[in-house]
>>> print(open('structure.txt').read())   # compact mmCIF, C-alpha atoms
# COMPACT_ATOMS: atom_id res chain seq x y z
CA MET A 951 0.00 0.00 0.00
CA THR A 952 1.44 3.39 -0.93
CA ALA A 953 1.58 6.54 1.14
CA ALA A 954 -1.17 8.00 -1.04
CA ALA A 955 -3.41 5.08 -0.07
CA GLY A 956 -3.39 6.08 3.57
CA HIS A 957 -0.04 5.04 5.11
CA PRO A 958 2.31 8.04 5.34
CA GLU A 959 5.97 7.46 4.68
CA SER A 960 8.15 7.19 7.76
CA SER A 961 11.87 7.19 8.37
CA PRO A 962 13.72 4.34 10.07
CA PRO A 963 14.20 4.83 13.82
CA PRO A 964 17.28 6.93 14.69
CA PHE A 965 19.03 3.87 16.14
CA LEU A 966 18.84 2.02 12.84
CA ARG A 967 20.17 5.03 10.94
CA LEU A 968 22.99 5.42 13.46
CA ALA A 969 23.98 1.76 13.75
CA GLY A 970 23.31 0.94 10.09
CA HIS A 971 26.50 2.59 8.82
CA PRO A 972 28.97 -0.24 8.06
CA LEU A 973 31.88 1.25 9.99
CA ARG A 974 29.76 2.23 12.98
CA TRP A 975 28.27 -1.26 13.03
CA ARG A 976 31.80 -2.70 13.00
CA LEU A 977 32.80 -0.45 15.89
CA LEU A 978 29.71 -1.46 17.85
CA GLY A 979 30.54 -5.10 17.24
CA GLU A 980 34.09 -4.70 18.53
CA LEU A 981 32.96 -2.78 21.60
CA ALA A 982 30.31 -5.40 22.30
CA ARG A 983 33.16 -7.86 22.86
CA SER A 984 35.51 -5.67 24.88
CA ASP A 985 36.19 -2.08 25.89
CA ARG A 986 38.76 -0.65 23.49
CA ARG A 987 41.08 2.32 22.94
CA VAL A 988 40.77 4.24 19.70
CA GLY A 989 44.07 2.91 18.35
CA GLU A 990 42.88 -0.66 18.87
CA LEU A 991 39.63 0.10 17.06
CA CYS A 992 41.56 1.62 14.15
CA ALA A 993 43.68 -1.53 13.86
CA LEU A 994 40.67 -3.85 14.10
CA ALA A 995 38.64 -1.89 11.54
CA GLY A 996 41.59 -1.11 9.26
CA ARG A 997 40.65 2.57 9.07
CA ARG A 998 42.49 5.80 9.82
CA GLN A 999 42.07 7.40 13.22
CA SER A 1000 40.33 10.56 12.02
CA LEU A 1001 37.57 8.50 10.41
CA VAL A 1002 37.16 6.14 13.38
CA SER A 1003 37.10 9.08 15.80
CA TYR A 1004 34.41 10.79 13.73
CA HIS A 1005 32.14 7.76 13.87
CA LEU A 1006 32.85 7.22 17.56
CA ARG A 1007 31.65 10.77 18.17
CA GLN A 1008 28.43 9.94 16.34
CA LEU A 1009 27.93 6.90 18.54
CA ARG A 1010 28.63 8.96 21.65
CA HIS A 1011 26.16 11.65 20.61
CA GLY A 1012 23.61 8.90 20.03
CA GLY A 1013 24.04 7.69 23.60
CA LEU A 1014 25.38 4.26 22.61
CA VAL A 1015 29.03 4.73 23.59
CA SER A 1016 30.74 6.49 26.47
CA THR A 1017 34.37 7.07 27.40
CA ARG A 1018 36.49 6.41 30.46
CA ARG A 1019 39.97 7.72 31.12
CA SER A 1020 42.44 4.86 31.51
CA ALA A 1021 43.58 4.27 35.08
CA ALA A 1022 46.83 2.86 33.69
CA ASP A 1023 47.71 5.83 31.47
CA GLY A 1024 45.74 9.05 31.78
CA ARG A 1025 46.52 9.90 28.16
CA ASP A 1026 44.47 6.91 27.00
CA THR A 1027 40.69 6.67 26.81
CA TYR A 1028 38.58 3.53 26.72
CA TYR A 1029 35.37 3.43 24.72
CA VAL A 1030 32.53 1.55 26.43
CA LEU A 1031 29.35 0.30 24.75
CA ASP A 1032 26.03 0.58 26.59
CA LEU A 1033 24.59 -2.82 25.68
CA THR A 1034 21.47 -2.25 27.75
CA ARG A 1035 20.68 0.92 25.82
CA CYS A 1036 21.35 -0.86 22.53
CA GLY A 1037 18.94 -3.61 23.53
CA GLU A 1038 16.24 -1.10 24.43
CA LEU A 1039 16.61 0.74 21.13
CA LEU A 1040 16.66 -2.47 19.11
CA THR A 1041 13.46 -3.58 20.83
CA SER A 1042 11.84 -0.21 20.21
CA ALA A 1043 12.85 -0.36 16.54
CA GLY A 1044 11.29 -3.82 16.19
CA VAL A 1045 8.05 -2.76 17.85
CA SER A 1046 7.84 0.29 15.60
CA LEU A 1047 7.78 -2.11 12.65
CA HIS A 1048 5.26 -4.54 14.18
CA PRO A 1049 3.98 -4.91 17.77
CA GLY A 1050 4.36 -8.67 17.48
CA LEU A 1051 8.11 -8.18 17.55
CA ALA A 1052 8.00 -7.18 21.21
CA PRO A 1053 10.09 -9.62 23.30
CA SER A 1054 8.29 -12.29 25.26
CA PRO A 1055 8.16 -11.50 29.02
CA GLY A 1056 10.37 -13.37 31.39
CA LEU A 1057 13.09 -14.41 28.92
CA ARG A 1058 16.54 -14.62 30.55
CA ALA A 1059 19.96 -15.65 29.41
CA VAL A 1060 20.53 -18.92 31.26
CA LEU A 1061 23.20 -21.46 30.40
CA GLU A 1062 22.34 -25.06 29.65
CA VAL A 1063 22.83 -26.80 32.98
CA ASP A 1064 23.87 -30.13 31.47
CA ALA A 1065 26.84 -28.62 29.66
CA ALA A 1066 30.34 -28.56 31.14
CA PRO A 1067 30.79 -25.31 33.07
CA ALA A 1068 32.31 -22.42 31.17
CA ARG A 1069 35.54 -21.31 32.84
CA VAL A 1070 35.96 -17.58 33.46
CA LEU A 1071 38.81 -15.75 35.18
CA PHE A 1072 38.35 -12.18 36.45
CA LEU A 1073 41.44 -10.06 37.04
CA CYS A 1074 42.06 -6.73 38.73
CA THR A 1075 45.00 -5.22 40.56
CA GLY A 1076 44.22 -6.02 44.18
CA ASN A 1077 41.68 -8.87 43.85
CA SER A 1078 40.03 -7.08 46.76
CA ALA A 1079 36.79 -5.79 45.20
CA ARG A 1080 35.91 -5.80 41.49
CA SER A 1081 37.17 -9.26 40.57
CA GLN A 1082 35.89 -10.84 43.79
CA MET A 1083 32.44 -9.31 43.19
CA ALA A 1084 32.45 -10.47 39.58
CA GLU A 1085 33.43 -14.00 40.54
CA ALA A 1086 30.57 -14.24 43.04
CA LEU A 1087 28.03 -12.63 40.73
CA VAL A 1088 28.73 -14.85 37.73
CA GLU A 1089 28.41 -17.97 39.87
CA ARG A 1090 25.04 -16.78 41.20
CA LEU A 1091 23.61 -15.42 37.95
CA SER A 1092 24.61 -18.47 35.90
CA GLY A 1093 23.15 -20.88 38.42
CA GLY A 1094 26.55 -22.54 38.76
CA ALA A 1095 26.86 -23.17 35.02
CA VAL A 1096 29.97 -20.93 34.97
CA SER A 1097 33.06 -21.91 36.94
CA ALA A 1098 34.61 -18.61 38.00
CA ALA A 1099 37.91 -17.62 39.54
CA SER A 1100 39.61 -14.32 40.32
CA ALA A 1101 43.10 -13.03 41.02
CA GLY A 1102 45.16 -9.85 41.11
CA SER A 1103 48.60 -8.60 40.15
CA HIS A 1104 49.11 -7.03 43.61
CA PRO A 1105 46.64 -8.73 45.98
CA LYS A 1106 45.22 -6.79 48.94
CA THR A 1107 42.85 -7.65 51.75
CA LEU A 1108 39.22 -8.07 50.72
CA HIS A 1109 37.54 -4.66 50.92
CA PRO A 1110 34.63 -4.37 53.40
CA GLY A 1111 32.69 -2.30 50.84
CA ALA A 1112 32.69 -5.24 48.46
CA VAL A 1113 31.53 -7.56 51.23
CA ARG A 1114 28.73 -5.14 52.13
CA VAL A 1115 27.22 -4.70 48.66
CA MET A 1116 27.43 -8.42 47.96
CA ARG A 1117 25.71 -9.18 51.26
CA ASP A 1118 22.94 -6.78 50.21
CA ARG A 1119 22.49 -9.04 47.16
CA GLY A 1120 22.32 -12.15 49.30
CA ILE A 1121 25.88 -13.26 48.51
CA ASP A 1122 28.45 -13.80 51.26
CA ILE A 1123 32.05 -13.29 50.14
CA ALA A 1124 33.47 -12.47 53.57
CA GLY A 1125 35.41 -15.73 53.78
CA ARG A 1126 37.15 -15.39 50.41
CA ARG A 1127 40.82 -14.56 50.18
CA SER A 1128 42.72 -12.48 47.66
CA LYS A 1129 45.00 -14.43 45.28
CA HIS A 1130 48.01 -13.57 43.16
CA LEU A 1131 48.04 -14.13 39.42
CA SER A 1132 50.67 -16.81 39.86
CA GLU A 1133 48.10 -19.05 41.59
CA VAL A 1134 45.95 -19.34 38.46
CA MET A 1135 48.45 -19.01 35.61
CA GLY A 1136 48.66 -22.76 34.96
CA ARG A 1137 44.89 -23.24 34.80
CA ARG A 1138 42.79 -23.34 31.63
CA PHE A 1139 39.99 -20.83 31.11
CA ASP A 1140 37.57 -20.10 28.31
CA TYR A 1141 37.50 -16.37 29.04
CA VAL A 1142 39.95 -14.09 30.84
CA ILE A 1143 38.31 -10.78 31.74
CA SER A 1144 40.42 -7.87 32.99
CA LEU A 1145 38.45 -5.35 35.04
CA CYS A 1146 41.31 -2.97 35.64
CA ASP A 1147 43.22 -0.93 33.05
CA ARG A 1148 46.48 -1.50 34.89
CA VAL A 1149 46.21 -5.27 35.09
CA ARG A 1150 45.34 -5.42 31.41
CA GLU A 1151 48.79 -4.07 30.63
CA VAL A 1152 50.51 -6.89 32.55
CA CYS A 1153 48.08 -9.75 31.90
CA PRO A 1154 50.06 -12.92 31.08
CA GLU A 1155 49.15 -15.52 28.47
CA PHE A 1156 47.14 -18.49 29.65
CA PRO A 1157 47.15 -22.04 28.26
CA GLY A 1158 44.45 -22.94 25.76
CA ALA A 1159 44.21 -19.42 24.27
CA PRO A 1160 41.16 -18.19 26.22
CA GLU A 1161 39.21 -15.25 24.80
CA PRO A 1162 40.56 -12.01 26.30
CA ILE A 1163 37.96 -9.41 27.30
CA HIS A 1164 38.49 -6.02 28.94
CA TRP A 1165 35.94 -4.15 31.04
CA SER A 1166 37.30 -0.74 32.01
CA ILE A 1167 35.69 -0.39 35.45
CA PRO A 1168 37.02 2.20 37.92
CA ASP A 1169 38.24 1.00 41.30
CA PRO A 1170 35.46 1.80 43.81
CA ALA A 1171 37.99 1.79 46.65
CA ARG A 1172 39.56 4.94 45.20
CA GLU A 1173 36.31 6.92 45.54
CA GLY A 1174 36.74 9.83 47.92
CA GLY A 1175 34.20 11.30 50.32
CA GLY A 1176 32.41 9.93 53.34
CA ASP A 1177 31.14 6.46 54.05
CA GLU A 1178 27.89 6.89 52.10
CA GLN A 1179 29.69 8.16 49.01
CA ALA A 1180 32.25 5.34 49.21
CA LEU A 1181 29.52 2.72 49.58
CA ALA A 1182 27.65 4.24 46.62
CA ALA A 1183 30.77 3.67 44.49
CA PHE A 1184 30.76 -0.02 45.39
CA GLU A 1185 27.04 -0.22 44.61
CA ARG A 1186 27.60 1.33 41.17
CA THR A 1187 30.39 -1.15 40.52
CA ALA A 1188 28.22 -4.10 41.55
CA ALA A 1189 25.37 -2.88 39.35
CA GLU A 1190 27.62 -2.47 36.33
CA LEU A 1191 29.19 -5.88 36.87
CA GLU A 1192 25.75 -7.46 37.18
CA THR A 1193 24.63 -5.93 33.89
CA ARG A 1194 27.78 -6.92 32.04
CA ILE A 1195 27.67 -10.46 33.44
CA HIS A 1196 24.09 -10.94 32.26
CA PHE A 1197 25.29 -10.15 28.74
CA LEU A 1198 28.35 -12.37 29.16
CA ILE A 1199 26.15 -15.32 30.12
CA GLY A 1200 23.97 -14.67 27.10
CA ALA A 1201 27.02 -14.61 24.82
CA ILE A 1202 28.39 -17.85 26.30
CA ASN A 1203 25.02 -19.51 25.84
CA ALA A 1204 24.73 -18.35 22.23
CA THR A 1205 28.23 -19.64 21.48
CA ARG A 1206 27.38 -23.04 22.94
CA LEU A 1207 24.11 -23.31 21.07
CA GLU A 1208 25.86 -22.45 17.82
CA ALA A 1209 28.55 -25.08 18.51
CA THR A 1210 25.84 -27.66 19.22
CA GLU A 1211 24.03 -26.87 15.97
CA HIS A 1212 27.25 -27.32 13.98
CA ALA A 1213 28.34 -30.48 15.79
>>> encode(input="structure.txt", output="structure tokens")
Amino acid sequence: MTAAAGHPESSPPPFLRLAGHPLRWRLLGELARSDRRVGELCALAGRRQSLVSYHLRQLRHGGLVSTRRSAADGRDTYYVLDLTRCGELLTSAGVSLHPGLAPSPGLRAVLEVDAAPARVLFLCTGNSARSQMAEALVERLSGGAVSAASAGSHPKTLHPGAVRVMRDRGIDIAGRRSKHLSEVMGRRFDYVISLCDRVREVCPEFPGAPEPIHWSIPDPAREGGGDEQALAAFERTAAELETRIHFLIGAINATRLEATEHA
């Protein structure tokens, strides 16, 4: 039916116009796997920095990508993709085409329980907060279908702020100890996820060529201010980890399903 017959022409939703550019879609795909610096994105996309930077600005203006100054080198910036926002906009775009494309309620990314556990290692500098929280969260959110471990390049005592926010989520990590990288270097993992810009720079190679992923998450223990402000930093960290881990579990599940289909 034509516009003249009663259906006015409409433009694609802004998200589709923004993400539909081939280079921007490539950048979104790379950032969906790992936080990246602009030089890394240029190398992965095979494009000059001025062009990549232009399209990154478009993605930032569209609210899909944000930046974080590297804690390892203040001259570097990490680009971070907001997967939750992308999911919301994709859903909205589908519904704008047909209401039947709305997602079914209650769907969650849950791993097949009869499969061998996926092995994930979380790394940060002190193994006192971020990586300990991530380890506990992925075990809980995956229902035990992910075998998680954590370690640090310079281990420190478990931070009480991490214990507090995990306890608020019904997870007790008070009895866990911090571990040095050397304790896990001989083990095999499917994914090695660095949560700290500094530890990413010194991350060793692990046997079996696990997939390396970087999440540039600030250290909540470095947050200044009073007790309430410090605790709020740990809560923000826990919330971000929880969101990212939900997506990680979904990606692991999709990879396994694809492998099963091709077996």
>>> residues_around(input="structure.txt", residues="Ala1098 in chain A", least_positions_apart="5", cutoff="8 Å", atoms="only C-alpha atoms", output="MDAnalysis selection string")
chainID A and resid 1069:1072 1085:1086 1088:1089
>>> residues_around(input="structure.txt", residues="Val1113 in chain A", least_positions_apart="6", cutoff="9 Å", atoms="all atoms listed in the file", output="ChimeraX atom specification")
/A:1079,1083,1121-1124
>>> closest_residue(input="structure.txt", among="A:Leu1145, A:Leu1031, A:Leu1014, A:Ala1189", to="Pro964 in chain A", atoms="all atoms listed in the file")
A:Leu1014
>>> residues_around(input="structure.txt", residues="Arg1080 in chain A", least_positions_apart="5", cutoff="9 Å", atoms="all atoms listed in the file", output="list of chain:residue names")
A:Phe1072, A:Leu1073, A:Cys1074, A:Glu1085, A:Ala1112, A:Leu1145, A:Cys1146, A:Ile1167, A:Pro1168, A:Asp1169, A:Pro1170, A:Phe1184, A:Thr1187, A:Ala1188, A:Leu1191
>>> atom_distance(input="structure.txt", atom1="CA of Ala1183 in chain A", atom2="CA of His1011 in chain A")
25.6 Å
>>> atom_distance(input="structure.txt", atom1="CA of Pro972 in chain A", atom2="CA of Ile1195 in chain A")
27.4 Å
>>> residues_around(input="structure.txt", residues="Leu981 in chain A", least_positions_apart="2", cutoff="12 Å", atoms="only C-alpha atoms", output="VMD selection string")
chain A and resid 974 to 979 983 to 988 990 to 991 994 to 995 1006 1009 1014 to 1017 1028 to 1033 1036 1163 to 1166
>>> atom_distance(input="structure.txt", atom1="CA of Ala1182 in chain A", atom2="CA of Ser1078 in chain A")
16.8 Å
>>> axis_aligned_box(input="structure.txt", around="range 1073-1080 of chain A", padding_each_side="8 Å", output="JSON")
{"center_x": 40.5, "center_y": -7.6, "center_z": 41.9, "size_x": 25.1, "size_y": 20.8, "size_z": 25.7}
>>> residues_around(input="structure.txt", residues="Val1134 in chain A", least_positions_apart="6", cutoff="9 Å", atoms="all atoms listed in the file", output="ChimeraX atom specification")
/A:1071,1099-1101,1156
>>> residues_near_point(input="structure.txt", point="(11.8, 2.7, 16.7)", cutoff="9 Å", atoms="only C-alpha atoms", output="ChimeraX atom specification")
/A:962-966,1039-1047
>>> write_last_selection(input="structure.txt", atoms="C-alpha atoms", output="PDB file, keeping the file's coordinate frame")
ATOM      1  CA  PRO A 962      13.720   4.340  10.070  1.00  0.00           C
ATOM      2  CA  PRO A 963      14.200   4.830  13.820  1.00  0.00           C
ATOM      3  CA  PRO A 964      17.280   6.930  14.690  1.00  0.00           C
ATOM      4  CA  PHE A 965      19.030   3.870  16.140  1.00  0.00           C
ATOM      5  CA  LEU A 966      18.840   2.020  12.840  1.00  0.00           C
ATOM      6  CA  LEU A1039      16.610   0.740  21.130  1.00  0.00           C
ATOM      7  CA  LEU A1040      16.660  -2.470  19.110  1.00  0.00           C
ATOM      8  CA  THR A1041      13.460  -3.580  20.830  1.00  0.00           C
ATOM      9  CA  SER A1042      11.840  -0.210  20.210  1.00  0.00           C
ATOM     10  CA  ALA A1043      12.850  -0.360  16.540  1.00  0.00           C
ATOM     11  CA  GLY A1044      11.290  -3.820  16.190  1.00  0.00           C
ATOM     12  CA  VAL A1045       8.050  -2.760  17.850  1.00  0.00           C
ATOM     13  CA  SER A1046       7.840   0.290  15.600  1.00  0.00           C
ATOM     14  CA  LEU A1047       7.780  -2.110  12.650  1.00  0.00           C
TER      15      LEU A1047
END
>>> residues_near_point(input="structure.txt", point="(44.5, -13.0, 45.7)", cutoff="9 Å", atoms="all atoms listed in the file", output="PyMOL selection string")
chain A and resi 1076-1078+1100-1108+1127-1131+1133
>>> closest_residue(input="structure.txt", among="A:Val1115, A:Ala982, A:Ala1159, A:Ala1068", to="Gly1093 in chain A", atoms="all atoms listed in the file")
A:Ala1068
>>> closest_residue(input="structure.txt", among="A:Glu1173, A:Arg1114, A:Val1096, A:Arg1090", to="Tyr1141 in chain A", atoms="only C-alpha atoms")
A:Val1096
>>> closest_residue(input="structure.txt", among="A:Arg1186, A:Arg1150, A:Arg1138, A:Arg1007", to="Gly1111 in chain A", atoms="all atoms listed in the file")
A:Arg1186
>>> closest_residue(input="structure.txt", among="A:Ala1095, A:Leu1087, A:Leu973, A:Val1149", to="Gly996 in chain A", atoms="all atoms listed in the file")
A:Leu973
